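Q: structure.txt (compact mmCIF, C-alpha atoms) pasted underneath:
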# COMPACT_ATOMS: atom_id res chain seq x y z
CA MET N 1 0.00 0.00 0.00
CA THR N 2 1.52 3.34 -1.12
CA SER N 3 0.66 6.60 0.65
CA GLY N 4 2.63 9.84 0.67
CA GLY N 5 5.62 8.24 -1.02
CA THR N 6 5.94 5.46 1.55
CA THR N 7 5.03 1.81 1.26
CA ARG N 8 3.29 0.05 4.11
CA LEU N 9 3.20 -3.71 4.37
CA ARG N 10 -0.28 -4.87 5.35
CA LEU N 11 -0.26 -8.26 7.00
CA PRO N 12 -3.07 -10.64 6.05
CA ARG N 13 -5.96 -11.09 8.46
CA GLY N 14 -8.72 -13.60 9.04
CA ARG N 15 -8.75 -16.58 6.71
CA ALA N 16 -5.94 -15.11 4.61
CA ALA N 17 -3.73 -15.06 7.69
CA ASP N 18 -4.62 -18.68 8.49
CA ALA N 19 -3.82 -19.73 4.93
CA ALA N 20 -0.51 -17.84 5.00
CA LEU N 21 0.46 -19.43 8.32
CA ALA N 22 -0.42 -22.93 7.09
CA ALA N 23 1.63 -22.39 3.93
CA ALA N 24 4.62 -21.06 5.87
CA VAL N 25 4.60 -24.00 8.29
CA PHE N 26 4.30 -26.40 5.34
CA VAL N 27 7.33 -24.88 3.61
CA VAL N 28 9.41 -25.10 6.78
CA SER N 29 8.25 -28.62 7.63
CA ALA N 30 8.79 -29.94 4.10
CA THR N 31 12.48 -29.12 4.28
CA GLY N 32 12.90 -32.19 6.47
CA THR N 33 12.04 -34.52 3.58
CA LEU N 34 14.41 -32.93 1.06
CA ARG N 35 17.11 -35.40 2.05
CA ALA N 36 14.97 -38.16 0.56
CA PHE N 37 15.51 -36.65 -2.90
CA VAL N 38 19.23 -36.02 -2.52
CA GLY N 39 21.69 -38.89 -2.54
CA GLU N 40 20.87 -42.37 -1.36
CA PRO N 41 17.37 -42.55 0.18
CA GLY N 42 17.22 -43.76 3.76
CA GLU N 43 13.71 -45.18 3.48
CA SER N 44 11.37 -46.61 0.86
CA TRP N 45 9.47 -44.33 -1.47
CA ALA N 46 6.18 -45.46 0.03
CA VAL N 47 7.27 -44.26 3.47
CA THR N 48 8.52 -40.99 1.99
CA VAL N 49 5.20 -40.40 0.23
CA LEU N 50 3.36 -41.21 3.47
CA GLY N 51 5.54 -38.67 5.28
CA CYS N 52 4.72 -36.00 2.69
CA VAL N 53 0.99 -36.73 3.05
CA LEU N 54 1.21 -36.47 6.85
CA ILE N 55 3.06 -33.17 6.59
CA THR N 56 0.45 -31.83 4.17
CA VAL N 57 -2.46 -32.94 6.35
CA ALA N 58 -0.97 -31.47 9.52
CA CYS N 59 -0.18 -28.13 7.91
CA ALA N 60 -3.44 -27.87 5.93
CA ALA N 61 -5.43 -28.47 9.12
CA LEU N 62 -3.99 -25.23 10.54
CA TYR N 63 -6.23 -23.33 8.14
CA LEU N 64 -9.21 -24.36 10.30
CA ARG N 65 -7.46 -23.83 13.64
CA ARG N 66 -9.57 -20.83 14.76
CA ARG N 67 -12.93 -22.45 14.04
CA HIS N 68 -12.11 -25.92 15.39
CA PRO N 69 -9.11 -25.53 17.72
CA VAL N 70 -9.44 -28.82 19.60
CA ALA N 71 -10.20 -30.95 16.53
CA VAL N 72 -7.31 -29.37 14.62
CA GLY N 73 -5.00 -29.85 17.59
CA THR N 74 -5.93 -33.52 17.85
CA LEU N 75 -5.47 -34.08 14.11
CA VAL N 76 -2.10 -32.30 14.05
CA PHE N 77 -0.99 -34.29 17.11
CA ALA N 78 -1.91 -37.59 15.42
CA ALA N 79 -0.33 -36.66 12.08
CA THR N 80 2.85 -35.42 13.76
CA GLY N 81 3.14 -38.54 15.90
CA ALA N 82 2.62 -40.81 12.89
CA TYR N 83 5.22 -38.86 10.91
CA TYR N 84 7.94 -39.17 13.55
CA LEU N 85 7.16 -42.88 14.07
CA THR N 86 7.40 -43.80 10.38
CA SER N 87 9.92 -41.42 8.82
CA VAL N 88 13.64 -41.47 9.37
CA TYR N 89 13.84 -37.80 8.37
CA ASP N 90 13.00 -35.95 11.61
CA GLY N 91 11.90 -32.65 10.09
CA PRO N 92 10.55 -29.62 11.95
CA LEU N 93 6.90 -30.71 11.78
CA MET N 94 6.75 -30.10 15.54
CA ILE N 95 6.17 -26.44 14.64
CA ALA N 96 2.68 -27.30 13.38
CA LEU N 97 1.88 -28.95 16.70
CA MET N 98 3.17 -25.92 18.62
CA VAL N 99 0.89 -23.64 16.57
CA ALA N 100 -2.07 -25.92 17.20
CA LEU N 101 -1.42 -26.01 20.96
CA TYR N 102 -1.11 -22.23 21.12
CA THR N 103 -4.36 -21.80 19.20
CA ALA N 104 -6.26 -24.19 21.46
CA ALA N 105 -5.06 -22.35 24.59
CA ALA N 106 -5.76 -18.95 23.03
CA ALA N 107 -9.30 -20.11 22.23
CA GLY N 108 -9.90 -20.88 25.91
CA ARG N 109 -9.53 -24.66 25.61
CA LEU N 110 -6.78 -24.88 28.19
CA GLN N 111 -7.52 -28.42 29.33
CA ALA N 112 -7.36 -29.76 25.77
CA ALA N 113 -4.11 -27.91 25.11
CA VAL N 114 -2.54 -29.22 28.33
CA ALA N 115 -3.70 -32.77 27.56
CA LEU N 116 -2.21 -32.68 24.04
CA ALA N 117 1.04 -31.19 25.35
CA ALA N 118 1.25 -33.89 28.02
CA LEU N 119 0.61 -36.64 25.47
CA THR N 120 3.32 -35.16 23.25
CA LEU N 121 5.83 -35.15 26.08
CA ILE N 122 4.88 -38.68 27.11
CA GLY N 123 5.20 -39.93 23.52
CA VAL N 124 8.62 -38.37 23.01
CA GLY N 125 9.77 -39.65 26.41
CA ALA N 126 8.58 -43.15 25.58
CA GLY N 127 10.48 -43.00 22.30
CA THR N 128 13.63 -41.97 24.15
CA LEU N 129 13.30 -44.87 26.56
CA ALA N 130 12.68 -47.24 23.63
CA GLY N 131 16.09 -46.45 22.20
CA ASN N 132 15.74 -43.22 20.20
CA HIS N 133 19.23 -41.86 20.72
CA GLU N 134 18.47 -38.60 18.88
CA ILE N 135 16.45 -37.37 21.89
CA ASN N 136 18.28 -37.32 25.21
CA GLY N 137 17.24 -36.06 28.62
CA ILE N 138 18.34 -32.49 27.95
CA ALA N 139 16.37 -32.33 24.71
CA LEU N 140 13.34 -33.79 26.45
CA PHE N 141 13.60 -31.16 29.20
CA MET N 142 13.85 -28.38 26.59
CA LEU N 143 10.84 -29.78 24.75
CA ALA N 144 8.85 -29.71 28.00
CA GLY N 145 9.81 -26.05 28.46
CA TRP N 146 8.70 -25.19 24.93
CA LEU N 147 5.36 -26.95 25.39
CA VAL N 148 4.69 -25.18 28.69
CA ALA N 149 5.70 -21.82 27.20
CA VAL N 150 3.48 -22.22 24.13
CA VAL N 151 0.42 -23.22 26.15
CA ALA N 152 1.06 -20.47 28.69
CA LEU N 153 1.40 -17.82 25.97
CA GLY N 154 -1.84 -19.00 24.39
CA TRP N 155 -3.66 -18.78 27.72
CA VAL N 156 -2.25 -15.29 28.34
CA ALA N 157 -3.53 -14.21 24.93
CA HIS N 158 -6.94 -15.67 25.74
CA SER N 159 -7.05 -13.87 29.10
CA ARG N 160 -6.05 -10.59 27.50
CA HIS N 161 -8.72 -10.88 24.81
CA ALA N 162 -11.32 -11.78 27.44
CA TYR N 163 -10.32 -8.76 29.53
CA VAL N 164 -10.50 -6.40 26.54
CA ARG N 165 -13.87 -7.84 25.52
CA GLU N 166 -15.22 -7.49 29.06
CA ALA N 167 -13.93 -3.93 29.28
CA ARG N 168 -15.61 -3.03 25.99
CA GLU N 169 -18.88 -4.61 27.07
CA ARG N 170 -18.72 -2.80 30.40
CA ALA N 171 -18.01 0.50 28.65
CA ALA N 172 -20.87 -0.11 26.23
CA GLY N 173 -23.20 -0.90 29.13
CA GLN N 174 -22.19 2.26 30.95
CA GLU N 175 -22.73 4.29 27.79
CA ARG N 176 -26.19 2.78 27.35
CA LEU N 177 -27.03 3.63 30.96
CA ARG N 178 -25.77 7.17 30.43
CA ILE N 179 -27.85 7.63 27.31
CA ALA N 180 -30.91 6.13 29.02
CA ARG N 181 -30.44 8.49 31.98
CA GLU N 182 -30.10 11.48 29.66
CA LEU N 183 -33.19 10.47 27.71
CA HIS N 184 -35.17 10.03 30.91
CA ASP N 185 -34.18 13.47 32.15
CA VAL N 186 -34.82 15.23 28.84
CA VAL N 187 -38.08 13.52 27.93
CA GLY N 188 -39.43 13.39 31.47
CA HIS N 189 -38.79 17.06 32.15
CA HIS N 190 -40.18 18.50 28.95
CA MET N 191 -43.10 16.11 28.63
CA SER N 192 -44.13 16.89 32.20
CA LEU N 193 -44.10 20.61 31.47
CA ILE N 194 -46.02 20.06 28.25
CA ASN N 195 -48.61 18.03 30.15
CA VAL N 196 -49.03 20.75 32.78
CA GLN N 197 -49.33 23.49 30.18
CA ALA N 198 -51.76 21.46 28.07
CA SER N 199 -54.00 20.94 31.11
CA ALA N 200 -53.87 24.66 31.85
CA ALA N 201 -54.71 25.53 28.25
CA LEU N 202 -57.73 23.19 28.25
CA HIS N 203 -59.10 24.80 31.42
CA ARG N 204 -58.54 28.37 30.25
CA ILE N 205 -59.34 28.18 26.56
CA GLY N 206 -62.98 29.10 27.09
CA ARG N 207 -62.65 31.55 29.99
CA ASP N 208 -59.30 33.21 29.33
CA PRO N 209 -58.08 32.77 25.73
CA ALA N 210 -55.05 34.97 26.39
CA GLN N 211 -53.71 32.71 29.13
CA ALA N 212 -54.54 29.65 27.04
CA GLU N 213 -52.54 31.12 24.18
CA GLU N 214 -49.64 31.74 26.58
CA ALA N 215 -49.79 28.11 27.73
CA LEU N 216 -49.77 26.89 24.12
CA GLY N 217 -46.74 29.06 23.45
CA ALA N 218 -45.00 27.45 26.42
CA ILE N 219 -45.86 24.02 24.99
CA LYS N 220 -44.28 25.02 21.70
CA GLU N 221 -41.13 26.24 23.41
CA SER N 222 -40.85 23.13 25.62
CA SER N 223 -41.29 20.79 22.67
CA ARG N 224 -38.68 22.66 20.65
CA GLU N 225 -36.24 22.53 23.55
CA ALA N 226 -36.95 18.81 24.01
CA LEU N 227 -36.16 18.11 20.36
CA ARG N 228 -32.97 20.11 20.59
CA GLU N 229 -31.76 18.24 23.67
CA LEU N 230 -32.74 14.89 22.15
CA ARG N 231 -30.58 15.63 19.14
CA ALA N 232 -27.65 16.51 21.40
CA THR N 233 -28.17 13.44 23.60
CA LEU N 234 -28.36 11.07 20.65
CA GLY N 235 -25.28 12.65 19.09
CA VAL N 236 -23.20 9.68 20.23
CA LEU N 237 -25.17 7.53 17.81
CA ARG N 238 -24.83 10.00 14.96
CA GLN N 239 -23.02 9.03 11.77
CA ALA N 240 -19.81 10.86 10.96
CA ASP N 241 -21.28 12.56 7.87
CA GLU N 242 -24.28 14.07 9.68
CA ASP N 243 -24.46 17.58 10.99
CA VAL N 244 -23.49 18.12 14.61
CA PRO N 245 -26.02 19.94 16.81
CA VAL N 246 -25.09 23.58 17.36
CA ALA N 247 -27.14 24.08 20.55
CA PRO N 248 -25.09 24.74 23.70
CA PRO N 249 -24.67 21.64 25.87
CA PRO N 250 -26.73 21.40 29.07
CA GLY N 251 -25.09 23.01 32.07
CA LEU N 252 -25.64 25.47 34.88
CA ALA N 253 -25.18 28.30 32.39
CA ARG N 254 -28.65 27.36 31.12
CA LEU N 255 -30.24 27.35 34.57
CA GLU N 256 -32.41 30.33 33.69
CA GLU N 257 -34.07 28.27 30.95
CA LEU N 258 -35.13 25.70 33.53
CA VAL N 259 -36.43 28.47 35.77
CA ARG N 260 -38.49 30.03 32.97
CA ALA N 261 -39.94 26.65 32.00
CA ALA N 262 -40.92 25.92 35.61
CA GLU N 263 -42.48 29.36 35.99
CA GLN N 264 -44.52 28.79 32.84
CA ALA N 265 -45.86 25.67 34.57
CA GLY N 266 -47.18 27.86 37.40
CA LEU N 267 -44.30 27.64 39.87
CA ARG N 268 -42.51 30.47 41.58
CA VAL N 269 -38.80 29.71 41.44
CA ARG N 270 -36.15 31.38 43.53
CA THR N 271 -32.47 30.84 42.78
CA ARG N 272 -29.57 31.49 45.12
CA THR N 273 -25.98 31.02 43.99
CA THR N 274 -22.95 31.36 46.21
CA GLY N 275 -19.28 30.67 45.79
CA ASP N 276 -16.98 30.77 42.80
CA ALA N 277 -18.70 31.34 39.46
CA GLY N 278 -15.83 29.91 37.41
CA PRO N 279 -16.16 27.05 34.92
CA LEU N 280 -16.81 23.53 36.16
CA PRO N 281 -15.72 20.15 34.78
CA VAL N 282 -18.14 19.06 32.08
CA GLU N 283 -19.45 16.00 33.90
CA VAL N 284 -20.08 17.96 37.13
CA ASP N 285 -21.76 20.81 35.26
CA LEU N 286 -24.04 18.38 33.43
CA ALA N 287 -24.89 16.39 36.57
CA ALA N 288 -25.82 19.54 38.50
CA TYR N 289 -28.02 20.72 35.64
CA ARG N 290 -29.80 17.37 35.34
CA ILE N 291 -30.40 17.16 39.10
CA VAL N 292 -32.04 20.59 39.09
CA GLN N 293 -34.03 19.67 35.98
CA GLU N 294 -35.31 16.38 37.39
CA SER N 295 -36.14 17.99 40.75
CA LEU N 296 -38.17 20.76 39.12
CA THR N 297 -39.93 18.13 37.02
CA ASN N 298 -40.93 16.18 40.12
CA VAL N 299 -42.21 19.34 41.79
CA ALA N 300 -44.33 20.26 38.75
CA ARG N 301 -45.77 16.75 38.50
CA HIS N 302 -46.34 15.74 42.12
CA ALA N 303 -45.77 18.40 44.74
CA ARG N 304 -48.75 20.80 44.38
CA ALA N 305 -46.20 23.45 45.35
CA ARG N 306 -46.28 27.20 44.86
CA THR N 307 -42.66 28.10 45.53
CA VAL N 308 -39.41 26.30 44.76
CA THR N 309 -35.99 27.38 45.94
CA VAL N 310 -32.88 26.34 44.03
CA ARG N 311 -29.62 26.82 45.90
CA LEU N 312 -26.19 26.39 44.35
CA ASP N 313 -23.01 26.53 46.40
CA ARG N 314 -19.96 26.36 44.15
CA GLY N 315 -17.03 25.60 46.41
CA PRO N 316 -13.40 25.10 45.37
CA ASP N 317 -13.68 21.31 45.45
CA ALA N 318 -17.42 20.55 45.25
CA VAL N 319 -20.76 21.86 44.05
CA THR N 320 -23.76 21.58 46.35
CA VAL N 321 -27.21 21.60 44.76
CA GLU N 322 -30.41 21.89 46.75
CA VAL N 323 -33.95 22.09 45.41
CA ALA N 324 -36.65 22.59 48.05
CA ASP N 325 -40.39 23.20 47.64
CA ASP N 326 -43.35 24.02 49.89
CA GLY N 327 -45.71 21.48 48.36
CA ASP N 328 -48.20 19.28 50.17
CA GLY N 329 -48.65 16.65 47.47
CA PRO N 330 -47.77 12.95 47.66
CA ALA N 331 -44.24 11.86 48.49
CA HIS N 332 -42.68 12.61 45.14
CA GLY N 333 -39.37 11.50 46.57
CA ALA N 334 -40.48 7.87 46.67
CA PRO N 335 -37.94 5.56 45.04
CA GLY N 336 -38.27 5.67 41.29
CA SER N 337 -36.21 6.08 38.17
CA GLY N 338 -35.98 9.86 38.66
CA ILE N 339 -34.54 9.88 42.17
CA THR N 340 -32.50 6.78 41.42
CA GLY N 341 -31.04 8.38 38.30
CA MET N 342 -30.05 11.52 40.21
CA ARG N 343 -28.46 9.45 42.97
CA GLU N 344 -26.49 7.43 40.38
CA ARG N 345 -25.24 10.64 38.79
CA ALA N 346 -23.95 11.86 42.12
CA ARG N 347 -22.33 8.53 43.00
CA ALA N 348 -20.64 8.32 39.60
CA LEU N 349 -18.76 11.51 40.52
CA GLY N 350 -17.92 10.31 44.01
CA GLY N 351 -20.65 12.43 45.59
CA GLU N 352 -23.93 11.79 47.34
CA LEU N 353 -27.58 12.75 47.04
CA THR N 354 -30.37 12.78 49.61
CA ALA N 355 -34.07 13.30 48.95
CA GLY N 356 -36.96 13.39 51.38
CA PRO N 357 -39.67 15.44 53.12
CA ARG N 358 -38.67 18.64 54.89
CA PRO N 359 -39.37 19.07 58.62
CA GLY N 360 -41.56 22.15 58.01
CA GLY N 361 -43.37 20.68 55.04
CA GLY N 362 -42.52 20.22 51.42
CA PHE N 363 -39.74 18.19 49.89
CA ALA N 364 -36.01 18.72 49.36
CA VAL N 365 -33.33 17.21 47.16
CA ARG N 366 -29.73 17.87 48.12
CA ALA N 367 -26.65 16.70 46.23
CA ARG N 368 -22.94 17.22 46.71
CA LEU N 369 -20.81 16.79 43.61
CA PRO N 370 -17.05 16.83 44.27
CA HIS N 371 -14.51 17.88 41.68
CA ARG N 372 -10.85 18.83 41.47
CA GLY N 373 -11.47 22.33 40.25
CA GLU N 374 -10.08 21.53 36.79
CA ALA N 375 -12.61 22.51 34.18
CA VAL N 376 -12.52 20.80 30.81
CA PRO N 377 -13.41 23.12 27.91
CA ARG N 378 -16.63 22.22 26.19
CA SER N 379 -16.32 21.27 22.55
Could you take the file, read its structure, and then write that structure out as structure tokens?
A:
Amino acid sequence: MTSGGTTRLRLPRGRAADAALAAAVFVVSATGTLRAFVGEPGESWAVTVLGCVLITVACAALYLRRRHPVAVGTLVFAATGAYYLTSVYDGPLMIALMVALYTAAAAGRLQAAVALAALTLIGVGAGTLAGNHEINGIALFMLAGWLVAVVALGWVAHSRHAYVREARERAAGQERLRIARELHDVVGHHMSLINVQASAALHRIGRDPAQAEEALGAIKESSREALRELRATLGVLRQADEDVPVAPPPGLARLEELVRAAEQAGLRVRTRTTGDAGPLPVEVDLAAYRIVQESLTNVARHARARTVTVRLDRGPDAVTVEVADDGDGPAHGAPGSGITGMRERARALGGELTAGPRPGGGFAVRARLPHRGEAVPRS
């Protein structure tokens, strides 16, 4: 492959790699039989042909090593054993068996790989005891080391692949949970406001058309904002050639939008901010925004409140968020996906969140979100 005046060698992959490996092992292993065609042959032609067939079978089986590791390992073991028992030319066919053992261990079939390695060592040892003077004790010991090393390397490769696969699955699961949490917050908040405004419009349309028109305008604004946030939330699933949303990402800088939406739903919202007003890390900024958003949603849906107070304390190492109302409705802090999602957001950042009735009436949500004071610029 040529690019920018340089040539890059691209190694084969998949079945092409298996075919290339089988061919390479065949070429190396076949060199052991070349002595049969040079000078005086040391065995009959029938035995030589049988040796060539066994070499071909053992090496060709490596092409299927990934799909059938144990079967290929067993076949290569049998063909290799038969070759060394019948041929006087002890070629390097043992390489094919080493590849098969490594593949079986790398595929997670450790017991099969260990069994085949043990049978190989036992067979070679039995041959040495039977009078094979070409293999002595030192060679047998070195063979045992090679077999152990090959199986161990295969198992290490299997463990590494399993760890990478598990890490990817865990990351994918966390990303799905994050997207689900974002969707819940976005859809739940805006749909709740739309429901409240639609109910108000239905009650006022005959008696006060002006207020009904105002409620319908709020519905339009909430639905437009919901669509905008949905596009931003689903941006992780967007194809590379699609347009990127240009709306600013959710954060405390857009707190006034939440306040206006809650006021359009009939709530009186008071905000109090103390501490440093500098930029926050993206994940902390988003979590604080979503906690306020979900809390205001719960108040609008369940609390029958008139006033809500949102307090933000932006310390040097943590942000404290508190949303308290004076409602007398049902316990909207009962365990559910909303409170659970807010608590998970806080815990993911190493913080904590509490939610429950206030001593003087109403309900309060309080979260502490720690950070290191190092803001990451938003893209």
Q: Between atom CA of Glu263 of chain N and atom CA of Pro281 of chain N, what is the spacing in Å?
A: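 Distance between the two atoms: 28.3 Å.
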Q: If you measure from atom CA of Val365 of chain N to atom CA of Val323 of chain N, what distance in Å do you get, rounded to one decimal?
A: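 Separating atom CA of Val365 of chain N from atom CA of Val323 of chain N is a distance of 5.2 Å.
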Q: Neighbours of Arg345 of chain N within 12 Å (only C-alpha atoms; same-chain residues fewer than 5 positions away dropped), as a ChimeraX atom specification?
A: /N:174,177-178,181-182,185,283-291,294,337-340,350-353,367-370
Q: Can I get the selected residues back with C-alpha atoms, as an mmCIF file, keeping the file's coordinate frame?
A:
data_model
loop_
_atom_site.group_PDB
_atom_site.id
_atom_site.type_symbol
_atom_site.label_atom_id
_atom_site.label_comp_id
_atom_site.auth_asym_id
_atom_site.auth_seq_id
_atom_site.Cartn_x
_atom_site.Cartn_y
_atom_site.Cartn_z
ATOM 1 C CA GLN N 174 -22.190 2.260 30.950
ATOM 2 C CA LEU N 177 -27.030 3.630 30.960
ATOM 3 C CA ARG N 178 -25.770 7.170 30.430
ATOM 4 C CA ARG N 181 -30.440 8.490 31.980
ATOM 5 C CA GLU N 182 -30.100 11.480 29.660
ATOM 6 C CA ASP N 185 -34.180 13.470 32.150
ATOM 7 C CA GLU N 283 -19.450 16.000 33.900
ATOM 8 C CA VAL N 284 -20.080 17.960 37.130
ATOM 9 C CA ASP N 285 -21.760 20.810 35.260
ATOM 10 C CA LEU N 286 -24.040 18.380 33.430
ATOM 11 C CA ALA N 287 -24.890 16.390 36.570
ATOM 12 C CA ALA N 288 -25.820 19.540 38.500
ATOM 13 C CA TYR N 289 -28.020 20.720 35.640
ATOM 14 C CA ARG N 290 -29.800 17.370 35.340
ATOM 15 C CA ILE N 291 -30.400 17.160 39.100
ATOM 16 C CA GLU N 294 -35.310 16.380 37.390
ATOM 17 C CA SER N 337 -36.210 6.080 38.170
ATOM 18 C CA GLY N 338 -35.980 9.860 38.660
ATOM 19 C CA ILE N 339 -34.540 9.880 42.170
ATOM 20 C CA THR N 340 -32.500 6.780 41.420
ATOM 21 C CA GLY N 350 -17.920 10.310 44.010
ATOM 22 C CA GLY N 351 -20.650 12.430 45.590
ATOM 23 C CA GLU N 352 -23.930 11.790 47.340
ATOM 24 C CA LEU N 353 -27.580 12.750 47.040
ATOM 25 C CA ALA N 367 -26.650 16.700 46.230
ATOM 26 C CA ARG N 368 -22.940 17.220 46.710
ATOM 27 C CA LEU N 369 -20.810 16.790 43.610
ATOM 28 C CA PRO N 370 -17.050 16.830 44.270
#
Q: Between atom CA of Ala172 of chain N and atom CA of Arg366 of chain N, what is the spacing in Å?
A: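 Separation of atom CA of Arg366 of chain N and atom CA of Ala172 of chain N: 29.7 Å.
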Q: Would you mind telling me which residue in N:Val308, N:Val47, N:Ala30, N:Ala19 lies nearest to Leu62 of chain N when using only C-alpha atoms?
A: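 Once distances to Leu62 of chain N are computed over only C-alpha atoms, the minimum belongs to N:Ala19.
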Q: Do a neighbour search on Ala58 of chain N at 12 Å with only C-alpha atoms, toss out local chain neighbours closer than 5 positions, and write the hits as a PDB file with C-alpha atoms, keeping the file's coordinate frame.
A:
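Output contents, as saved in result-v6.pdb:
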ATOM      1  CA  ALA N  22      -0.420 -22.930   7.090  1.00  0.00           C
ATOM      2  CA  ALA N  23       1.630 -22.390   3.930  1.00  0.00           C
ATOM      3  CA  VAL N  25       4.600 -24.000   8.290  1.00  0.00           C
ATOM      4  CA  PHE N  26       4.300 -26.400   5.340  1.00  0.00           C
ATOM      5  CA  SER N  29       8.250 -28.620   7.630  1.00  0.00           C
ATOM      6  CA  ALA N  30       8.790 -29.940   4.100  1.00  0.00           C
ATOM      7  CA  GLY N  51       5.540 -38.670   5.280  1.00  0.00           C
ATOM      8  CA  CYS N  52       4.720 -36.000   2.690  1.00  0.00           C
ATOM      9  CA  VAL N  53       0.990 -36.730   3.050  1.00  0.00           C
ATOM     10  CA  TYR N  63      -6.230 -23.330   8.140  1.00  0.00           C
ATOM     11  CA  LEU N  64      -9.210 -24.360  10.300  1.00  0.00           C
ATOM     12  CA  ARG N  65      -7.460 -23.830  13.640  1.00  0.00           C
ATOM     13  CA  ALA N  71     -10.200 -30.950  16.530  1.00  0.00           C
ATOM     14  CA  VAL N  72      -7.310 -29.370  14.620  1.00  0.00           C
ATOM     15  CA  GLY N  73      -5.000 -29.850  17.590  1.00  0.00           C
ATOM     16  CA  THR N  74      -5.930 -33.520  17.850  1.00  0.00           C
ATOM     17  CA  LEU N  75      -5.470 -34.080  14.110  1.00  0.00           C
ATOM     18  CA  VAL N  76      -2.100 -32.300  14.050  1.00  0.00           C
ATOM     19  CA  PHE N  77      -0.990 -34.290  17.110  1.00  0.00           C
ATOM     20  CA  ALA N  78      -1.910 -37.590  15.420  1.00  0.00           C
ATOM     21  CA  ALA N  79      -0.330 -36.660  12.080  1.00  0.00           C
ATOM     22  CA  THR N  80       2.850 -35.420  13.760  1.00  0.00           C
ATOM     23  CA  GLY N  81       3.140 -38.540  15.900  1.00  0.00           C
ATOM     24  CA  ALA N  82       2.620 -40.810  12.890  1.00  0.00           C
ATOM     25  CA  TYR N  83       5.220 -38.860  10.910  1.00  0.00           C
ATOM     26  CA  PRO N  92      10.550 -29.620  11.950  1.00  0.00           C
ATOM     27  CA  LEU N  93       6.900 -30.710  11.780  1.00  0.00           C
ATOM     28  CA  MET N  94       6.750 -30.100  15.540  1.00  0.00           C
ATOM     29  CA  ILE N  95       6.170 -26.440  14.640  1.00  0.00           C
ATOM     30  CA  ALA N  96       2.680 -27.300  13.380  1.00  0.00           C
ATOM     31  CA  LEU N  97       1.880 -28.950  16.700  1.00  0.00           C
ATOM     32  CA  MET N  98       3.170 -25.920  18.620  1.00  0.00           C
ATOM     33  CA  VAL N  99       0.890 -23.640  16.570  1.00  0.00           C
ATOM     34  CA  ALA N 100      -2.070 -25.920  17.200  1.00  0.00           C
TER      35      ALA N 100
END
Q: So which one's closest to Ala346 of chain N, N:Asp328, N:Glu214, N:Ala318, N:Thr31? Using all atoms listed in the file, please.
A: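 Between N:Asp328, N:Glu214, N:Ala318, N:Thr31, the residue approaching Ala346 of chain N most closely is N:Ala318.
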Q: Could you pull the residues within 12 Å of Leu153 of chain N, counting all atoms listed in the file, minus those fewer than 4 positions along the same chain, as a PDB file with C-alpha atoms, in the frame of the given file?
A:
ATOM      1  CA  MET N  98       3.170 -25.920  18.620  1.00  0.00           C
ATOM      2  CA  VAL N  99       0.890 -23.640  16.570  1.00  0.00           C
ATOM      3  CA  LEU N 101      -1.420 -26.010  20.960  1.00  0.00           C
ATOM      4  CA  TYR N 102      -1.110 -22.230  21.120  1.00  0.00           C
ATOM      5  CA  THR N 103      -4.360 -21.800  19.200  1.00  0.00           C
ATOM      6  CA  ALA N 104      -6.260 -24.190  21.460  1.00  0.00           C
ATOM      7  CA  ALA N 105      -5.060 -22.350  24.590  1.00  0.00           C
ATOM      8  CA  ALA N 106      -5.760 -18.950  23.030  1.00  0.00           C
ATOM      9  CA  ALA N 107      -9.300 -20.110  22.230  1.00  0.00           C
ATOM     10  CA  GLY N 108      -9.900 -20.880  25.910  1.00  0.00           C
ATOM     11  CA  LEU N 110      -6.780 -24.880  28.190  1.00  0.00           C
ATOM     12  CA  ALA N 113      -4.110 -27.910  25.110  1.00  0.00           C
ATOM     13  CA  TRP N 146       8.700 -25.190  24.930  1.00  0.00           C
ATOM     14  CA  LEU N 147       5.360 -26.950  25.390  1.00  0.00           C
ATOM     15  CA  VAL N 148       4.690 -25.180  28.690  1.00  0.00           C
ATOM     16  CA  ALA N 149       5.700 -21.820  27.200  1.00  0.00           C
ATOM     17  CA  ALA N 157      -3.530 -14.210  24.930  1.00  0.00           C
ATOM     18  CA  HIS N 158      -6.940 -15.670  25.740  1.00  0.00           C
ATOM     19  CA  SER N 159      -7.050 -13.870  29.100  1.00  0.00           C
ATOM     20  CA  ARG N 160      -6.050 -10.590  27.500  1.00  0.00           C
TER      21      ARG N 160
END
